[in-house]
Structures are given as C-alpha cells and as structure tokens.
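A.B. asks: Take a look at final_12.pdb, PDB, N, CA and C atoms:
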```
ATOM      1  N   MET D   1     -10.100  20.731 -31.502
ATOM      2  CA  MET D   1      -9.553  19.496 -30.989
ATOM      3  C   MET D   1     -10.638  18.764 -30.195
ATOM      4  N   MET D   2     -10.802  17.502 -30.500
ATOM      5  CA  MET D   2     -11.799  16.703 -29.787
ATOM      6  C   MET D   2     -11.116  15.919 -28.677
ATOM      7  N   LEU D   3     -11.810  15.822 -27.598
ATOM      8  CA  LEU D   3     -11.310  15.060 -26.464
ATOM      9  C   LEU D   3     -11.922  13.675 -26.511
ATOM     10  N   TYR D   4     -11.091  12.661 -26.502
ATOM     11  CA  TYR D   4     -11.606  11.302 -26.453
ATOM     12  C   TYR D   4     -11.015  10.613 -25.255
ATOM     13  N   PRO D   5     -11.786   9.978 -24.466
ATOM     14  CA  PRO D   5     -13.252   9.943 -24.464
ATOM     15  C   PRO D   5     -13.831  11.282 -24.028
ATOM     16  N   ALA D   6     -15.070  11.493 -24.387
ATOM     17  CA  ALA D   6     -15.736  12.774 -24.112
ATOM     18  C   ALA D   6     -15.857  13.003 -22.611
ATOM     19  N   MET D   7     -15.787  14.249 -22.214
ATOM     20  CA  MET D   7     -15.888  14.616 -20.807
ATOM     21  C   MET D   7     -17.219  14.164 -20.227
ATOM     22  N   SER D   8     -18.285  14.227 -21.018
ATOM     23  CA  SER D   8     -19.604  13.812 -20.521
ATOM     24  C   SER D   8     -19.606  12.322 -20.168
ATOM     25  N   LYS D   9     -18.871  11.527 -20.927
ATOM     26  CA  LYS D   9     -18.794  10.092 -20.630
ATOM     27  C   LYS D   9     -18.008   9.862 -19.338
ATOM     28  N   LEU D  10     -16.924  10.586 -19.163
ATOM     29  CA  LEU D  10     -16.119  10.457 -17.951
ATOM     30  C   LEU D  10     -16.903  10.944 -16.732
ATOM     31  N   ASN D  11     -17.668  12.019 -16.908
ATOM     32  CA  ASN D  11     -18.448  12.575 -15.801
ATOM     33  C   ASN D  11     -19.606  11.671 -15.397
ATOM     34  N   ALA D  12     -19.963  10.717 -16.241
ATOM     35  CA  ALA D  12     -21.004   9.761 -15.866
ATOM     36  C   ALA D  12     -20.521   8.869 -14.724
ATOM     37  N   TYR D  13     -19.219   8.621 -14.657
ATOM     38  CA  TYR D  13     -18.647   7.773 -13.613
ATOM     39  C   TYR D  13     -18.097   8.580 -12.453
ATOM     40  N   ILE D  14     -17.502   9.723 -12.760
ATOM     41  CA  ILE D  14     -16.951  10.611 -11.723
ATOM     42  C   ILE D  14     -17.481  12.014 -12.013
ATOM     43  N   PRO D  15     -18.501  12.455 -11.277
ATOM     44  CA  PRO D  15     -19.212  13.686 -11.631
ATOM     45  C   PRO D  15     -18.424  14.986 -11.464
ATOM     46  N   ASN D  16     -17.445  15.007 -10.623
ATOM     47  CA  ASN D  16     -16.678  16.218 -10.356
ATOM     48  C   ASN D  16     -15.373  16.166 -11.138
ATOM     49  N   ARG D  17     -15.106  17.169 -11.968
ATOM     50  CA  ARG D  17     -13.905  17.138 -12.809
ATOM     51  C   ARG D  17     -12.613  17.202 -11.997
ATOM     52  N   TYR D  18     -12.646  17.844 -10.839
ATOM     53  CA  TYR D  18     -11.450  17.907  -9.997
ATOM     54  C   TYR D  18     -11.172  16.541  -9.359
ATOM     55  N   MET D  19     -12.237  15.850  -8.985
ATOM     56  CA  MET D  19     -12.096  14.491  -8.468
ATOM     57  C   MET D  19     -11.596  13.571  -9.584
ATOM     58  N   LEU D  20     -12.067  13.803 -10.805
ATOM     59  CA  LEU D  20     -11.623  13.018 -11.948
ATOM     60  C   LEU D  20     -10.112  13.141 -12.135
ATOM     61  N   VAL D  21      -9.606  14.340 -12.058
ATOM     62  CA  VAL D  21      -8.167  14.566 -12.196
ATOM     63  C   VAL D  21      -7.409  13.823 -11.105
ATOM     64  N   ASN D  22      -7.915  13.888  -9.881
ATOM     65  CA  ASN D  22      -7.274  13.219  -8.756
ATOM     66  C   ASN D  22      -7.269  11.700  -8.947
ATOM     67  N   VAL D  23      -8.409  11.141  -9.339
ATOM     68  CA  VAL D  23      -8.533   9.695  -9.523
ATOM     69  C   VAL D  23      -7.632   9.221 -10.655
ATOM     70  N   VAL D  24      -7.637   9.936 -11.769
ATOM     71  CA  VAL D  24      -6.814   9.541 -12.916
ATOM     72  C   VAL D  24      -5.324   9.648 -12.577
ATOM     73  N   ALA D  25      -4.930  10.702 -11.902
ATOM     74  CA  ALA D  25      -3.517  10.865 -11.543
ATOM     75  C   ALA D  25      -3.057   9.761 -10.599
ATOM     76  N   ARG D  26      -3.897   9.444  -9.632
ATOM     77  CA  ARG D  26      -3.555   8.395  -8.670
ATOM     78  C   ARG D  26      -3.419   7.037  -9.359
ATOM     79  N   ARG D  27      -4.384   6.721 -10.238
ATOM     80  CA  ARG D  27      -4.347   5.440 -10.949
ATOM     81  C   ARG D  27      -3.175   5.392 -11.917
ATOM     82  N   ALA D  28      -2.864   6.510 -12.556
ATOM     83  CA  ALA D  28      -1.727   6.558 -13.480
ATOM     84  C   ALA D  28      -0.425   6.270 -12.741
ATOM     85  N   ARG D  29      -0.288   6.799 -11.533
ATOM     86  CA  ARG D  29       0.904   6.508 -10.730
ATOM     87  C   ARG D  29       0.981   5.027 -10.402
ATOM     88  N   GLN D  30      -0.163   4.426 -10.065
ATOM     89  CA  GLN D  30      -0.190   2.991  -9.774
ATOM     90  C   GLN D  30       0.225   2.179 -10.993
ATOM     91  N   ILE D  31      -0.302   2.524 -12.154
ATOM     92  CA  ILE D  31       0.032   1.812 -13.388
ATOM     93  C   ILE D  31       1.529   1.920 -13.670
ATOM     94  N   ALA D  32       2.079   3.118 -13.538
ATOM     95  CA  ALA D  32       3.500   3.330 -13.810
ATOM     96  C   ALA D  32       4.374   2.552 -12.829
ATOM     97  N   GLU D  33       4.002   2.555 -11.553
ATOM     98  CA  GLU D  33       4.780   1.829 -10.544
ATOM     99  C   GLU D  33       4.725   0.323 -10.784
ATOM    100  N   GLU D  34       3.543  -0.186 -11.122
ATOM    101  CA  GLU D  34       3.400  -1.624 -11.393
ATOM    102  C   GLU D  34       4.218  -2.039 -12.614
ATOM    103  N   ALA D  35       4.198  -1.216 -13.650
ATOM    104  CA  ALA D  35       4.957  -1.526 -14.865
ATOM    105  C   ALA D  35       6.453  -1.475 -14.595
ATOM    106  N   GLU D  36       6.883  -0.499 -13.820
ATOM    107  CA  GLU D  36       8.310  -0.371 -13.512
ATOM    108  C   GLU D  36       8.799  -1.545 -12.670
ATOM    109  N   SER D  37       8.023  -1.937 -11.676
ATOM    110  CA  SER D  37       8.444  -3.042 -10.818
ATOM    111  C   SER D  37       8.442  -4.375 -11.566
ATOM    112  N   ALA D  38       7.551  -4.510 -12.554
ATOM    113  CA  ALA D  38       7.495  -5.741 -13.342
ATOM    114  C   ALA D  38       8.456  -5.698 -14.532
ATOM    115  N   GLY D  39       9.016  -4.530 -14.807
ATOM    116  CA  GLY D  39       9.934  -4.390 -15.930
ATOM    117  C   GLY D  39       9.232  -4.443 -17.275
ATOM    118  N   VAL D  40       7.978  -3.985 -17.304
ATOM    119  CA  VAL D  40       7.168  -4.025 -18.519
ATOM    120  C   VAL D  40       7.194  -2.663 -19.200
ATOM    121  N   HIS D  41       7.352  -2.681 -20.529
ATOM    122  CA  HIS D  41       7.286  -1.445 -21.305
ATOM    123  C   HIS D  41       5.828  -1.172 -21.659
ATOM    124  N   LEU D  42       5.363   0.036 -21.392
ATOM    125  CA  LEU D  42       3.984   0.411 -21.692
ATOM    126  C   LEU D  42       3.909   1.052 -23.071
ATOM    127  N   ASP D  43       2.954   0.604 -23.879
ATOM    128  CA  ASP D  43       2.762   1.192 -25.204
ATOM    129  C   ASP D  43       2.064   2.537 -25.114
ATOM    130  N   ASP D  44       1.156   2.666 -24.167
ATOM    131  CA  ASP D  44       0.442   3.922 -23.947
ATOM    132  C   ASP D  44       0.943   4.569 -22.664
ATOM    133  N   LYS D  45       0.695   5.858 -22.532
ATOM    134  CA  LYS D  45       1.061   6.559 -21.310
ATOM    135  C   LYS D  45       0.117   6.136 -20.192
ATOM    136  N   PRO D  46       0.612   6.099 -18.964
ATOM    137  CA  PRO D  46      -0.229   5.695 -17.836
ATOM    138  C   PRO D  46      -1.491   6.543 -17.671
ATOM    139  N   VAL D  47      -1.409   7.835 -17.954
ATOM    140  CA  VAL D  47      -2.575   8.703 -17.832
ATOM    141  C   VAL D  47      -3.644   8.297 -18.849
ATOM    142  N   THR D  48      -3.217   7.985 -20.068
ATOM    143  CA  THR D  48      -4.150   7.547 -21.100
ATOM    144  C   THR D  48      -4.832   6.258 -20.684
ATOM    145  N   MET D  49      -4.071   5.343 -20.134
ATOM    146  CA  MET D  49      -4.630   4.069 -19.687
ATOM    147  C   MET D  49      -5.641   4.282 -18.563
ATOM    148  N   ALA D  50      -5.337   5.175 -17.636
ATOM    149  CA  ALA D  50      -6.235   5.453 -16.520
ATOM    150  C   ALA D  50      -7.527   6.108 -17.010
ATOM    151  N   ILE D  51      -7.431   7.022 -17.962
ATOM    152  CA  ILE D  51      -8.621   7.672 -18.509
ATOM    153  C   ILE D  51      -9.516   6.644 -19.193
ATOM    154  N   HIS D  52      -8.919   5.725 -19.921
ATOM    155  CA  HIS D  52      -9.712   4.692 -20.584
ATOM    156  C   HIS D  52     -10.379   3.762 -19.566
ATOM    157  N   GLU D  53      -9.724   3.514 -18.457
ATOM    158  CA  GLU D  53     -10.347   2.706 -17.402
ATOM    159  C   GLU D  53     -11.591   3.399 -16.852
ATOM    160  N   VAL D  54     -11.524   4.703 -16.687
ATOM    161  CA  VAL D  54     -12.689   5.458 -16.212
ATOM    162  C   VAL D  54     -13.798   5.401 -17.265
ATOM    163  N   ALA D  55     -13.445   5.614 -18.519
ATOM    164  CA  ALA D  55     -14.437   5.633 -19.599
ATOM    165  C   ALA D  55     -15.127   4.283 -19.764
ATOM    166  N   GLU D  56     -14.427   3.205 -19.454
ATOM    167  CA  GLU D  56     -15.004   1.864 -19.564
ATOM    168  C   GLU D  56     -15.789   1.474 -18.312
ATOM    169  N   GLY D  57     -15.755   2.324 -17.295
ATOM    170  CA  GLY D  57     -16.493   2.055 -16.072
ATOM    171  C   GLY D  57     -15.762   1.132 -15.110
ATOM    172  N   ARG D  58     -14.502   0.836 -15.385
ATOM    173  CA  ARG D  58     -13.732  -0.041 -14.502
ATOM    174  C   ARG D  58     -13.133   0.705 -13.325
ATOM    175  N   LEU D  59     -13.162   2.030 -13.359
ATOM    176  CA  LEU D  59     -12.541   2.829 -12.313
ATOM    177  C   LEU D  59     -13.482   3.970 -11.949
ATOM    178  N   ASP D  60     -13.758   4.086 -10.661
ATOM    179  CA  ASP D  60     -14.532   5.214 -10.166
ATOM    180  C   ASP D  60     -13.962   5.623  -8.816
ATOM    181  N   THR D  61     -14.565   6.608  -8.178
ATOM    182  CA  THR D  61     -14.018   7.099  -6.912
ATOM    183  C   THR D  61     -14.045   6.023  -5.842
ATOM    184  N   GLY D  62     -15.051   5.172  -5.827
ATOM    185  CA  GLY D  62     -15.158   4.132  -4.812
ATOM    186  C   GLY D  62     -14.113   3.046  -4.971
ATOM    187  N   SER D  63     -13.826   2.642  -6.193
ATOM    188  CA  SER D  63     -12.853   1.577  -6.412
ATOM    189  C   SER D  63     -11.449   2.005  -6.017
ATOM    190  N   LEU D  64     -11.107   3.251  -6.271
ATOM    191  CA  LEU D  64      -9.781   3.731  -5.907
ATOM    192  C   LEU D  64      -9.669   3.893  -4.401
ATOM    193  N   ALA D  65     -10.747   4.299  -3.746
ATOM    194  CA  ALA D  65     -10.728   4.433  -2.283
ATOM    195  C   ALA D  65     -10.547   3.069  -1.627
ATOM    196  N   ARG D  66     -11.192   2.048  -2.172
ATOM    197  CA  ARG D  66     -11.038   0.697  -1.607
ATOM    198  C   ARG D  66      -9.603   0.196  -1.766
ATOM    199  N   GLU D  67      -8.977   0.483  -2.920
ATOM    200  CA  GLU D  67      -7.588   0.060  -3.133
ATOM    201  C   GLU D  67      -6.652   0.772  -2.156
ATOM    202  N   THR D  68      -6.930   2.031  -1.870
ATOM    203  CA  THR D  68      -6.086   2.790  -0.948
ATOM    204  C   THR D  68      -6.210   2.246   0.471
ATOM    205  N   GLU D  69      -7.432   1.864   0.873
ATOM    206  CA  GLU D  69      -7.632   1.329   2.216
ATOM    207  C   GLU D  69      -6.946  -0.026   2.384
ATOM    208  N   GLU D  70      -6.907  -0.841   1.330
ATOM    209  CA  GLU D  70      -6.302  -2.160   1.393
ATOM    210  C   GLU D  70      -4.788  -2.088   1.507
ATOM    211  N   ALA D  71      -4.199  -1.056   0.937
ATOM    212  CA  ALA D  71      -2.736  -0.943   0.903
ATOM    213  C   ALA D  71      -2.159  -0.508   2.220
TER     214      ALA D  71
END
```
Please rewrite the model in this file as structure tokens.
C.D. replies:
Amino acid sequence: MMLYPAMSKLNAYIPNRYMLVNVVARRARQIAEEAESAGVHLDDKPVTMAIHEVAEGRLDTGSLARETEEA
C-alpha cells in the first residue's frame, strides 16, 4: 500500500511525525467545525483535507500555532 502524499514530502514541512499527527488532527477538527457551522457537506474527510494542506505547504507547525493564539 502506498501512502499519498509520501511521508518524506510531509516531513519536509513538519519534521517530527508525532507533531505531524497533532497538527493534522487539530486542523481536521477546525475543518469539520467550520463545515458544520456553515452547513456545508464535505466531499473529502477532514483528515484527508488537512494532510493535503500540509503536503501543499499551506500548513505547518507555525501557522497552526498562530491560529491558536489568535482564537
């Protein structure tokens, strides 16, 4: 079974796999809460969407920390 995106690509943005799990889980919860409050149906699972955000470089440990401080 192949993992997409590859772990090496994800580790380029978040080097620690345990931190990666934490960041993805936190962002997935945010995505799910935003979709629920807006009444939007998601085609993909929130975890999948969060992983793709990391792989595209739109999400890293610093960006999630800044969002947490603002809230």
A.B. asks: With distances taken over all atoms listed in the file, which of D:Ala12, D:Leu42, D:Val47, D:Ala55 is nearest to Arg29 in chain D?
C.D. replies: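 Ranked by minimum distance to Arg29 in chain D, first place goes to D:Val47.
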A.B. asks: Quick check, in Å to one decimal: how far apart do atom N of Pro5 in chain D and atom C of Met19 in chain D lie?
C.D. replies: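 Here the two named atoms are 15.3 Å from each other.
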A.B. asks: Taking all atoms listed in the file into account, which of D:Leu59, D:Arg27, D:Glu36, D:Asp44 comes nearest Ile14 in chain D?
C.D. replies: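 Of D:Leu59, D:Arg27, D:Glu36, D:Asp44, the one nearest Ile14 in chain D, counting all atoms listed in the file, is D:Leu59.
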A.B. asks: If the PyMOL selection byres (((chain D and resi 61 and name CA) around 12) and name CA) were run on this exact file, what residues would it hold? Put them as a ChimeraX atom specification.
C.D. replies: /D:10-24,26-27,53-54,57-60,62-68
A.B. asks: In Å to one decimal, how far is atom C of Val40 in chain D from CA of Glu56 in chain D?
C.D. replies: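 For CA of Glu56 in chain D relative to atom C of Val40 in chain D, the distance reads 22.7 Å.
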A.B. asks: Could you tell me how far CA of Ile31 in chain D sits from atom N of Ala50 in chain D, in Å to one decimal place?
C.D. replies: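 So the two atoms, atom N of Ala50 in chain D and CA of Ile31 in chain D, lie 7.6 Å apart.
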A.B. asks: For a quick check of understanding, using only C-alpha atoms, which of D:Glu34, D:Ala28, D:Gly39, D:Ser8 has the smallest distance to Ile51 in chain D?
C.D. replies: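 Among D:Glu34, D:Ala28, D:Gly39, D:Ser8, it is D:Ala28 that comes nearest to Ile51 in chain D.
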A.B. asks: Could you pull out the alpha helix (DSSP H) residues of chain D, going by DSSP on the backbone, and write them as a PyMOL selection string?
C.D. replies: chain D and resi 7-13+17-38+46-55+61-70
A.B. asks: Could you give me the centre and size, in Å to one decimal, of an axis-aligned box around all listed atoms of range 40-57 of chain D with 6 Å added on every side, as lines of an AutoDock Vina configuration file?
C.D. replies:
```
center_x = -4.3
center_y = 2.3
center_z = -20.2
size_x = 36.5
size_y = 24.7
size_z = 22.1
```
